[in-house]
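Enquirer: One structure, pasted below without further comment.
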Amino acid sequence: MTSSEAKSRIQKLTDQINHHNDLYYNKSRPQISDYEFDQLLEELIQLETKFPEWRLPDSPSQRVGGTITKEFATVVHRYPMLSLGNTYSSEELMDFDGRVSKGLEGDPYEYFCELKFDGVSISLIYENGLLTKAVTRGDGVRGDDVTTNIKTIRSLPLRVNAKVPSRFEVRGEVFLPKDIFKRLNKEREDIGEETYANARNTASGTVKMQDSAEVAKRKLDCFLYYLLGEEVEAETHAEAIHKLETWGFKVSPTYKKCKNISEVLKYIADWEKKRQDLPLDTDGVVIKVNSLEQQERLGFTAKSPRWAIAFKYKAESMSTRLNGITYQVGRTGAVTPVAELEPVFLAGTTVKRASLHNANEIDRLDLHIGDYVFVEKGGEIIPKVTGVDTKRRNHGSKKVNYITHCPECHTGLIRKEGEANHYCPNEKGCPPQIKGKIEHFIQRKAMDIDSLGEQTIKQLFDLGLVKTPADLYDLKKEDFLKLDKVKDKSAQNMLEGIIQSKSQPFENVLFGIGIRYVGKTVAEKLARHFKSMDNLSKASYEALLEAPEVGEKIAQSVADYFHDTNNLKEITRLARAGLQFESSQKEPAQVSTVLGDKSFVISGVFKNYERDQLKDVILANGGRVLSSVSGKLDYLVAGDNMGPAKREKAEKLGVKIISEAEFEAMLKT
Ligand code: IVH
């Protein structure tokens with residue numbers, strides 16, 4: 001393909017993918033399959049790697065991330081990002097209405113009501129139709145430039161195709177949808193990481209992550225609710241919102257124009273329950289004067305507008321009896337205390353149990369069995385015990401003492417310094433840990449043995465047929481026939497599922513064996529970096545630290561795993577069973593020979609590439625990648641934060657040191 005052919009194909013693909021993206025994420029009317037969509041995106045990414053000079057500023061390849069930001073630049077807001085006054089009762093709202101009425105000196109006015117989304121506020125700058133900057137609220141005057149992270153939000157237009165002012169600003173709320181938050185926490189629990197407290201904090205942490213590829217995986221979303229700009233032509237907030245909708249921004253359809261404060265009160269009452277069914281957390285209603293001219297007349301106090309106010313819903317809370325505490329043991333041995341409650345109806349569901357997180361939480365609440373506790377469903381999905389009604393405490397009631405031994409296998413629990421959780425150390429003999437490890441191994445992201453499930457694993461374990469994942473590969477059809485209600489056909493299915501799993505790629509195996517803190521992403525990076533189980537198992541702690549995504553905690557965990565003789569035996573058995581122990585990642589296809597067999601060492605952090613990607617680009621363009629600086633080396637590609645020792649050595653040996661930009665220029669020669 002010639003350069004000019006590539007240019008026009010890149011342009012076409014960019015437009016096409018952005019169009020389908022909008023149909024899928026904003027209009028819920030997809031016209032092509034996910035597979036076709038991925039194919040187009042893949043083609044675009046390939047072409048952009050080969051012809052980076054033709055990558056467009058609204059390229060959808062930015063949605064998958066890949067840029068690392070060490071420190072976010074500070075940006076001063078053109079219009080300060082103010083907060084809203086809060087009200088908690090209809091009386092307070094009537095007072096607000098009185099102030100508005102007085103401020104407008106008897107002129108008629110209307111309100112515009114929206115839900116108050118519980119996320120992270122963001123300011124987006126569009127210039128000549130292109131999204132050029134996304135800035136966090138910060139202190140209201142200056143925030144952080146998080147553009148590369150925000151560009152991963154699929155529902156956000158990177159370019160607005162309608163006729164729009166040359167410069168405008170849109171504000172809204174970035175959030176993590178409830179179902180995604182739930183899934184994320186499940187995954188964290190699965191690899192032994194502590195779970196996140198709520199979706200809002202998680203969204204806020206995600207917006208500030210250094211690796212935009214990780215942000216992309218989190219699947220943030222964004223609702224817009226404010227349009228600003230000198231050239232924006234609108235007379236009311238309703239019109240501005242309508243403009244945002246027609247320009248392709250995602251606006252929550254929950255808004256309503258209200259003629260007076262009684263209609264506002266009705267809106268508030270209508271949404272109190274209904275809001276639980278929305279895909280995101282909301283904590284109130286925002287009431288805005290609709291006319292923009294009237295907004296201007298009312299103006300601002302030092303902290304907030306006089307033309308808008310927030311009404312906050314009370315978090316629904318009920319008091320109920322704490323009947324007892326049970327303890328759950330997870331795959332990693334982490335023990336979670338659970339409050340067993342007298343059933344109580346709360347925010348649409350009957351609550352019988354609530355998580356107590358860990359021993360610190362029990363101490364903080366000073367729980368006694370039989371206490372009446374307050375249970376709340378706030379932003380969290382799992383109800384929470386927020387306090388104790390001490391007035392209703394029975395004399396002589398027993399203070400909860402945290403268990404000292406595993407409720408399942410009676411081994412003494414341990415608690416590592418600095419960790420909130422207690423652990424059962426009996427990894428190899430504690431039933432829920434054994435079953436949990438096998439369930440982890442068969443899951444879709446690992447060996448994908450969907451012919452087995454939790455119940456089957458339980459029975460296989462109870463019958464003494466499996467104690468470790470490797471035991472699965474020794475099972476025979478007769479073994480499955482011993483299970484409850486299993487006949488010939490399903491026994492055959494189970495067996496075949498296990499056999500087929502042998503072709504799962506190395507990274508799935510690596511994730512499946514369940515090394516603590518090694519989630520799917522880390523497993524993928526390790527597989528790519530070390531290429532085989534053999535290399536990985538022999539890697540030193542220092543060598544592990546060199547791999548992308550691997551910090552001290554993960555390096556230590558991997559090193560410990562391969563030091564354990566039981567684990568090594570298990571690994572040997574899995575190898576004998578025929579599982580994939582080598583990375584099948586193909587070397588990148590050759591696209592040019594412009595680097596003419598020159599050798600490169602990569603060091604530091606790069607703006608446009610992850611280290612692995614940069615390696616691929618070098619290989620794809622005919623270069624070679626070495627791991628250490630020597631006299632034979634042609635180029636040292638220096639990113640940010642490169643170690644001084646490497647630089648000194650290269651200088652001493654007369655190796656040419658080039659920047660990322662200089663490297664990119666070499667590709668174009
Ligand atoms: S309007 C000048 N509308 O609430 C006021 N804010 O306490 C502009 N928020 O920082 C804000 N939903 O992050 C507005 N529908 C909504 C909102 C909303 C949530 C957040 C926003 C703001 C905070 C104000």
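Convention: chains lettered A, B, ... in structure tokens order; per-chain residue numbering from 1; ligands numbered from 1 as shown.
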As a PyMOL selection string, please: all residues of stretch 76-288 of chain A that backbone DSSP puts in alpha helix (DSSP H).
Expert: chain A and resi 90-103+147-150+178-190+199-207+212-218+237-246+261-274
Enquirer: What are the closest atom pairs, with distances in Å to one decimal, for all residues of stretch 288-399 of chain A lying within 9 Å of stretch 106-130 of chain A? Consider only C-alpha atoms, order rows by chain and residue number, and present the result as JSON lines.
Expert:
{"residue": "A:Lys288", "atom": "CA", "partner": "A:Phe112", "partner_atom": "CA", "distance": 5.1}
{"residue": "A:Val289", "atom": "CA", "partner": "A:Tyr111", "partner_atom": "CA", "distance": 4.6}
{"residue": "A:Asn290", "atom": "CA", "partner": "A:Tyr111", "partner_atom": "CA", "distance": 5.0}
{"residue": "A:Ser291", "atom": "CA", "partner": "A:Tyr109", "partner_atom": "CA", "distance": 7.3}
{"residue": "A:Gln294", "atom": "CA", "partner": "A:Tyr109", "partner_atom": "CA", "distance": 8.0}
{"residue": "A:Ala310", "atom": "CA", "partner": "A:Lys116", "partner_atom": "CA", "distance": 7.4}
{"residue": "A:Phe311", "atom": "CA", "partner": "A:Lys116", "partner_atom": "CA", "distance": 8.3}
{"residue": "A:Lys312", "atom": "CA", "partner": "A:Lys116", "partner_atom": "CA", "distance": 8.2}
{"residue": "A:Gly379", "atom": "CA", "partner": "A:Asp118", "partner_atom": "CA", "distance": 8.0}
Enquirer: I need the residue nearest A:Thr404 from this list: A:Leu346, A:Ala420, A:Ile442, A:Ala359. Use only C-alpha atoms for the distance.
Expert: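 Checking each of A:Leu346, A:Ala420, A:Ile442, A:Ala359 against A:Thr404, counting only C-alpha atoms, the winner is A:Ala359.
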Enquirer: Tell me, which residues of stretch 338-505 of chain A carry DSSP strand (DSSP E or B), written as a PyMOL selection string?
Expert: chain A and resi 338-346+349-355+368+372-377+384-388+399+405+412+414+422-423
Enquirer: When the cut-off is 9 Å and you count only C-alpha atoms and all ligand atoms, which residues lie near ligand 1, shown as a count of residues only?
Expert: 43
Enquirer: Neighbours of stretch 199-212 of chain A within 7 Å (only C-alpha atoms; same-chain residues fewer than 5 positions away dropped), as a PDB file with all heavy atoms, in the first residue's frame?
Expert:
ATOM      1  N   GLY A  65      -6.412   3.263  24.445  1.00  0.00           N
ATOM      2  CA  GLY A  65      -5.377   3.760  25.347  1.00  0.00           C
ATOM      3  C   GLY A  65      -3.991   3.325  24.927  1.00  0.00           C
ATOM      4  O   GLY A  65      -3.753   2.932  23.783  1.00  0.00           O
ATOM      5  N   GLY A  66      -3.071   3.365  25.866  1.00  0.00           N
ATOM      6  CA  GLY A  66      -1.696   2.969  25.562  1.00  0.00           C
ATOM      7  C   GLY A  66      -0.698   4.040  25.974  1.00  0.00           C
ATOM      8  O   GLY A  66       0.491   3.803  26.019  1.00  0.00           O
ATOM      9  N   THR A  67      -1.189   5.238  26.293  1.00  0.00           N
ATOM     10  CA  THR A  67      -0.279   6.300  26.693  1.00  0.00           C
ATOM     11  C   THR A  67      -0.073   6.260  28.203  1.00  0.00           C
ATOM     12  O   THR A  67      -1.021   6.081  28.954  1.00  0.00           O
ATOM     13  CB  THR A  67      -0.879   7.675  26.331  1.00  0.00           C
ATOM     14  OG1 THR A  67      -1.423   7.552  25.050  1.00  0.00           O
ATOM     15  CG2 THR A  67       0.155   8.761  26.398  1.00  0.00           C
ATOM     16  N   ILE A  68       1.163   6.440  28.603  1.00  0.00           N
ATOM     17  CA  ILE A  68       1.463   6.463  30.033  1.00  0.00           C
ATOM     18  C   ILE A  68       1.696   7.917  30.451  1.00  0.00           C
ATOM     19  O   ILE A  68       2.462   8.626  29.815  1.00  0.00           O
ATOM     20  CB  ILE A  68       2.753   5.671  30.332  1.00  0.00           C
ATOM     21  CG1 ILE A  68       2.732   4.290  29.698  1.00  0.00           C
ATOM     22  CG2 ILE A  68       3.057   5.637  31.822  1.00  0.00           C
ATOM     23  CD1 ILE A  68       2.024   3.228  30.460  1.00  0.00           C
ATOM     24  N   THR A  69       1.008   8.361  31.481  1.00  0.00           N
ATOM     25  CA  THR A  69       1.244   9.712  31.986  1.00  0.00           C
ATOM     26  C   THR A  69       1.844   9.605  33.379  1.00  0.00           C
ATOM     27  O   THR A  69       1.236   9.011  34.257  1.00  0.00           O
ATOM     28  CB  THR A  69      -0.076  10.511  32.076  1.00  0.00           C
ATOM     29  OG1 THR A  69      -0.809  10.296  30.877  1.00  0.00           O
ATOM     30  CG2 THR A  69       0.190  11.989  32.268  1.00  0.00           C
ATOM     31  N   LYS A  70       3.044  10.128  33.538  1.00  0.00           N
ATOM     32  CA  LYS A  70       3.695  10.063  34.855  1.00  0.00           C
ATOM     33  C   LYS A  70       3.090  11.121  35.769  1.00  0.00           C
ATOM     34  O   LYS A  70       2.809  10.885  36.920  1.00  0.00           O
ATOM     35  CB  LYS A  70       5.205  10.294  34.700  1.00  0.00           C
ATOM     36  CG  LYS A  70       5.941   9.047  34.313  1.00  0.00           C
ATOM     37  CD  LYS A  70       6.251   8.186  35.534  1.00  0.00           C
ATOM     38  CE  LYS A  70       6.638   6.796  35.087  1.00  0.00           C
ATOM     39  NZ  LYS A  70       6.406   5.766  36.038  1.00  0.00           N
ATOM     40  N   ASP A 118     -23.608  10.638  40.755  1.00  0.00           N
ATOM     41  CA  ASP A 118     -22.552  10.520  41.756  1.00  0.00           C
ATOM     42  C   ASP A 118     -21.279   9.972  41.108  1.00  0.00           C
ATOM     43  O   ASP A 118     -21.000   8.787  41.148  1.00  0.00           O
ATOM     44  CB  ASP A 118     -23.043   9.579  42.864  1.00  0.00           C
ATOM     45  CG  ASP A 118     -22.275   9.796  44.148  1.00  0.00           C
ATOM     46  OD1 ASP A 118     -21.483  10.746  44.212  1.00  0.00           O
ATOM     47  OD2 ASP A 118     -22.472   9.000  45.080  1.00  0.00           O
ATOM     48  N   GLY A 119     -20.553  10.874  40.489  1.00  0.00           N
ATOM     49  CA  GLY A 119     -19.318  10.463  39.825  1.00  0.00           C
ATOM     50  C   GLY A 119     -18.239  11.513  40.021  1.00  0.00           C
ATOM     51  O   GLY A 119     -18.118  12.084  41.101  1.00  0.00           O
ATOM     52  N   VAL A 120     -17.482  11.749  38.967  1.00  0.00           N
ATOM     53  CA  VAL A 120     -16.382  12.718  39.022  1.00  0.00           C
ATOM     54  C   VAL A 120     -16.659  13.777  37.973  1.00  0.00           C
ATOM     55  O   VAL A 120     -16.872  13.440  36.812  1.00  0.00           O
ATOM     56  CB  VAL A 120     -15.063  12.024  38.615  1.00  0.00           C
ATOM     57  CG1 VAL A 120     -13.884  12.926  38.856  1.00  0.00           C
ATOM     58  CG2 VAL A 120     -14.915  10.702  39.320  1.00  0.00           C
ATOM     59  N   VAL A 146      -6.459  15.304  31.997  1.00  0.00           N
ATOM     60  CA  VAL A 146      -6.572  13.840  31.924  1.00  0.00           C
ATOM     61  C   VAL A 146      -7.114  13.418  30.545  1.00  0.00           C
ATOM     62  O   VAL A 146      -7.823  12.415  30.415  1.00  0.00           O
ATOM     63  CB  VAL A 146      -7.467  13.289  33.059  1.00  0.00           C
ATOM     64  CG1 VAL A 146      -6.759  13.372  34.402  1.00  0.00           C
ATOM     65  CG2 VAL A 146      -8.801  14.031  33.129  1.00  0.00           C
ATOM     66  N   THR A 148      -5.945  12.026  27.771  1.00  0.00           N
ATOM     67  CA  THR A 148      -5.755  10.688  27.168  1.00  0.00           C
ATOM     68  C   THR A 148      -6.630   9.652  27.858  1.00  0.00           C
ATOM     69  O   THR A 148      -7.132   8.734  27.206  1.00  0.00           O
ATOM     70  CB  THR A 148      -4.287  10.222  27.250  1.00  0.00           C
ATOM     71  OG1 THR A 148      -3.814  10.481  28.561  1.00  0.00           O
ATOM     72  CG2 THR A 148      -3.428  10.928  26.238  1.00  0.00           C
ATOM     73  N   ASN A 149      -6.826   9.797  29.145  1.00  0.00           N
ATOM     74  CA  ASN A 149      -7.681   8.836  29.852  1.00  0.00           C
ATOM     75  C   ASN A 149      -9.145   9.006  29.467  1.00  0.00           C
ATOM     76  O   ASN A 149      -9.873   8.035  29.265  1.00  0.00           O
ATOM     77  CB  ASN A 149      -7.518   8.998  31.365  1.00  0.00           C
ATOM     78  CG  ASN A 149      -6.195   8.423  31.847  1.00  0.00           C
ATOM     79  OD1 ASN A 149      -5.517   7.733  31.087  1.00  0.00           O
ATOM     80  ND2 ASN A 149      -5.836   8.708  33.075  1.00  0.00           N
ATOM     81  N   PHE A 175     -18.527   8.396  35.238  1.00  0.00           N
ATOM     82  CA  PHE A 175     -18.905   7.398  36.249  1.00  0.00           C
ATOM     83  C   PHE A 175     -18.575   5.983  35.801  1.00  0.00           C
ATOM     84  O   PHE A 175     -18.342   5.731  34.613  1.00  0.00           O
ATOM     85  CB  PHE A 175     -20.399   7.515  36.573  1.00  0.00           C
ATOM     86  CG  PHE A 175     -21.300   7.243  35.384  1.00  0.00           C
ATOM     87  CD1 PHE A 175     -21.771   5.961  35.135  1.00  0.00           C
ATOM     88  CD2 PHE A 175     -21.666   8.266  34.521  1.00  0.00           C
ATOM     89  CE1 PHE A 175     -22.601   5.704  34.031  1.00  0.00           C
ATOM     90  CE2 PHE A 175     -22.484   8.016  33.424  1.00  0.00           C
ATOM     91  CZ  PHE A 175     -22.950   6.743  33.186  1.00  0.00           C
ATOM     92  N   LEU A 176     -18.540   5.101  36.777  1.00  0.00           N
ATOM     93  CA  LEU A 176     -18.342   3.695  36.501  1.00  0.00           C
ATOM     94  C   LEU A 176     -19.708   3.038  36.658  1.00  0.00           C
ATOM     95  O   LEU A 176     -20.276   3.054  37.760  1.00  0.00           O
ATOM     96  CB  LEU A 176     -17.366   3.122  37.533  1.00  0.00           C
ATOM     97  CG  LEU A 176     -16.664   1.837  37.191  1.00  0.00           C
ATOM     98  CD1 LEU A 176     -15.820   2.009  35.944  1.00  0.00           C
ATOM     99  CD2 LEU A 176     -15.770   1.411  38.348  1.00  0.00           C
ATOM    100  N   LYS A 178     -22.771   0.708  37.475  1.00  0.00           N
ATOM    101  CA  LYS A 178     -22.870  -0.191  38.633  1.00  0.00           C
ATOM    102  C   LYS A 178     -22.454  -1.627  38.305  1.00  0.00           C
ATOM    103  O   LYS A 178     -21.759  -2.257  39.089  1.00  0.00           O
ATOM    104  CB  LYS A 178     -24.318  -0.228  39.128  1.00  0.00           C
ATOM    105  CG  LYS A 178     -24.776   1.013  39.862  1.00  0.00           C
ATOM    106  CD  LYS A 178     -26.150   0.709  40.468  1.00  0.00           C
ATOM    107  CE  LYS A 178     -27.055   1.904  40.455  1.00  0.00           C
ATOM    108  NZ  LYS A 178     -28.431   1.645  40.785  1.00  0.00           N
ATOM    109  N   PHE A 181     -18.739  -1.937  37.986  1.00  0.00           N
ATOM    110  CA  PHE A 181     -18.103  -1.833  39.298  1.00  0.00           C
ATOM    111  C   PHE A 181     -18.185  -3.179  40.039  1.00  0.00           C
ATOM    112  O   PHE A 181     -17.205  -3.654  40.620  1.00  0.00           O
ATOM    113  CB  PHE A 181     -18.785  -0.731  40.110  1.00  0.00           C
ATOM    114  CG  PHE A 181     -18.336  -0.674  41.541  1.00  0.00           C
ATOM    115  CD1 PHE A 181     -17.047  -0.273  41.847  1.00  0.00           C
ATOM    116  CD2 PHE A 181     -19.179  -1.029  42.575  1.00  0.00           C
ATOM    117  CE1 PHE A 181     -16.611  -0.228  43.160  1.00  0.00           C
ATOM    118  CE2 PHE A 181     -18.756  -0.992  43.891  1.00  0.00           C
ATOM    119  CZ  PHE A 181     -17.470  -0.588  44.182  1.00  0.00           C
TER     120      PHE A 181
END
Enquirer: Which one is closest to A:Ser101: A:Leu568, A:Leu298, A:Leu460, A:Ala162? Count only C-alpha atoms.
Expert: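 Between A:Leu568, A:Leu298, A:Leu460, A:Ala162, the residue approaching A:Ser101 most closely is A:Leu298.
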Enquirer: Within 12 Å of A:Asn608, counting only C-alpha atoms, which residues show up once you throw out same-chain ones fewer than 3 positions away? Write them as a list in words, please.
Expert: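 Within the cut-off, the hits are Glu48, Thr49, Pro52, Arg55, Ser61, Gln62, Gly65, Gly66, Thr67, Ile68, Thr69, Thr148, Asp211, Ser212, Ala213, Val605, Arg611, Asp612, Gln613, Leu614, Val617, Gly639, Asp640, Ser659, Glu660, Ala661, Phe663 and Glu664 of chain A.
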Enquirer: From the options A:Val373, A:Leu280, A:Leu653, A:Ile261, which residue's atoms come nearest to A:Asn323, counting only C-alpha atoms?
Expert: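 Once distances to A:Asn323 are computed over only C-alpha atoms, the minimum belongs to A:Val373.
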Enquirer: For A:Lys399, please output as a ChimeraX atom specification all residues within 7 Å (counting only C-alpha atoms; exclusion window: fewer than 4 positions along the same chain).
Expert: /A:367-369
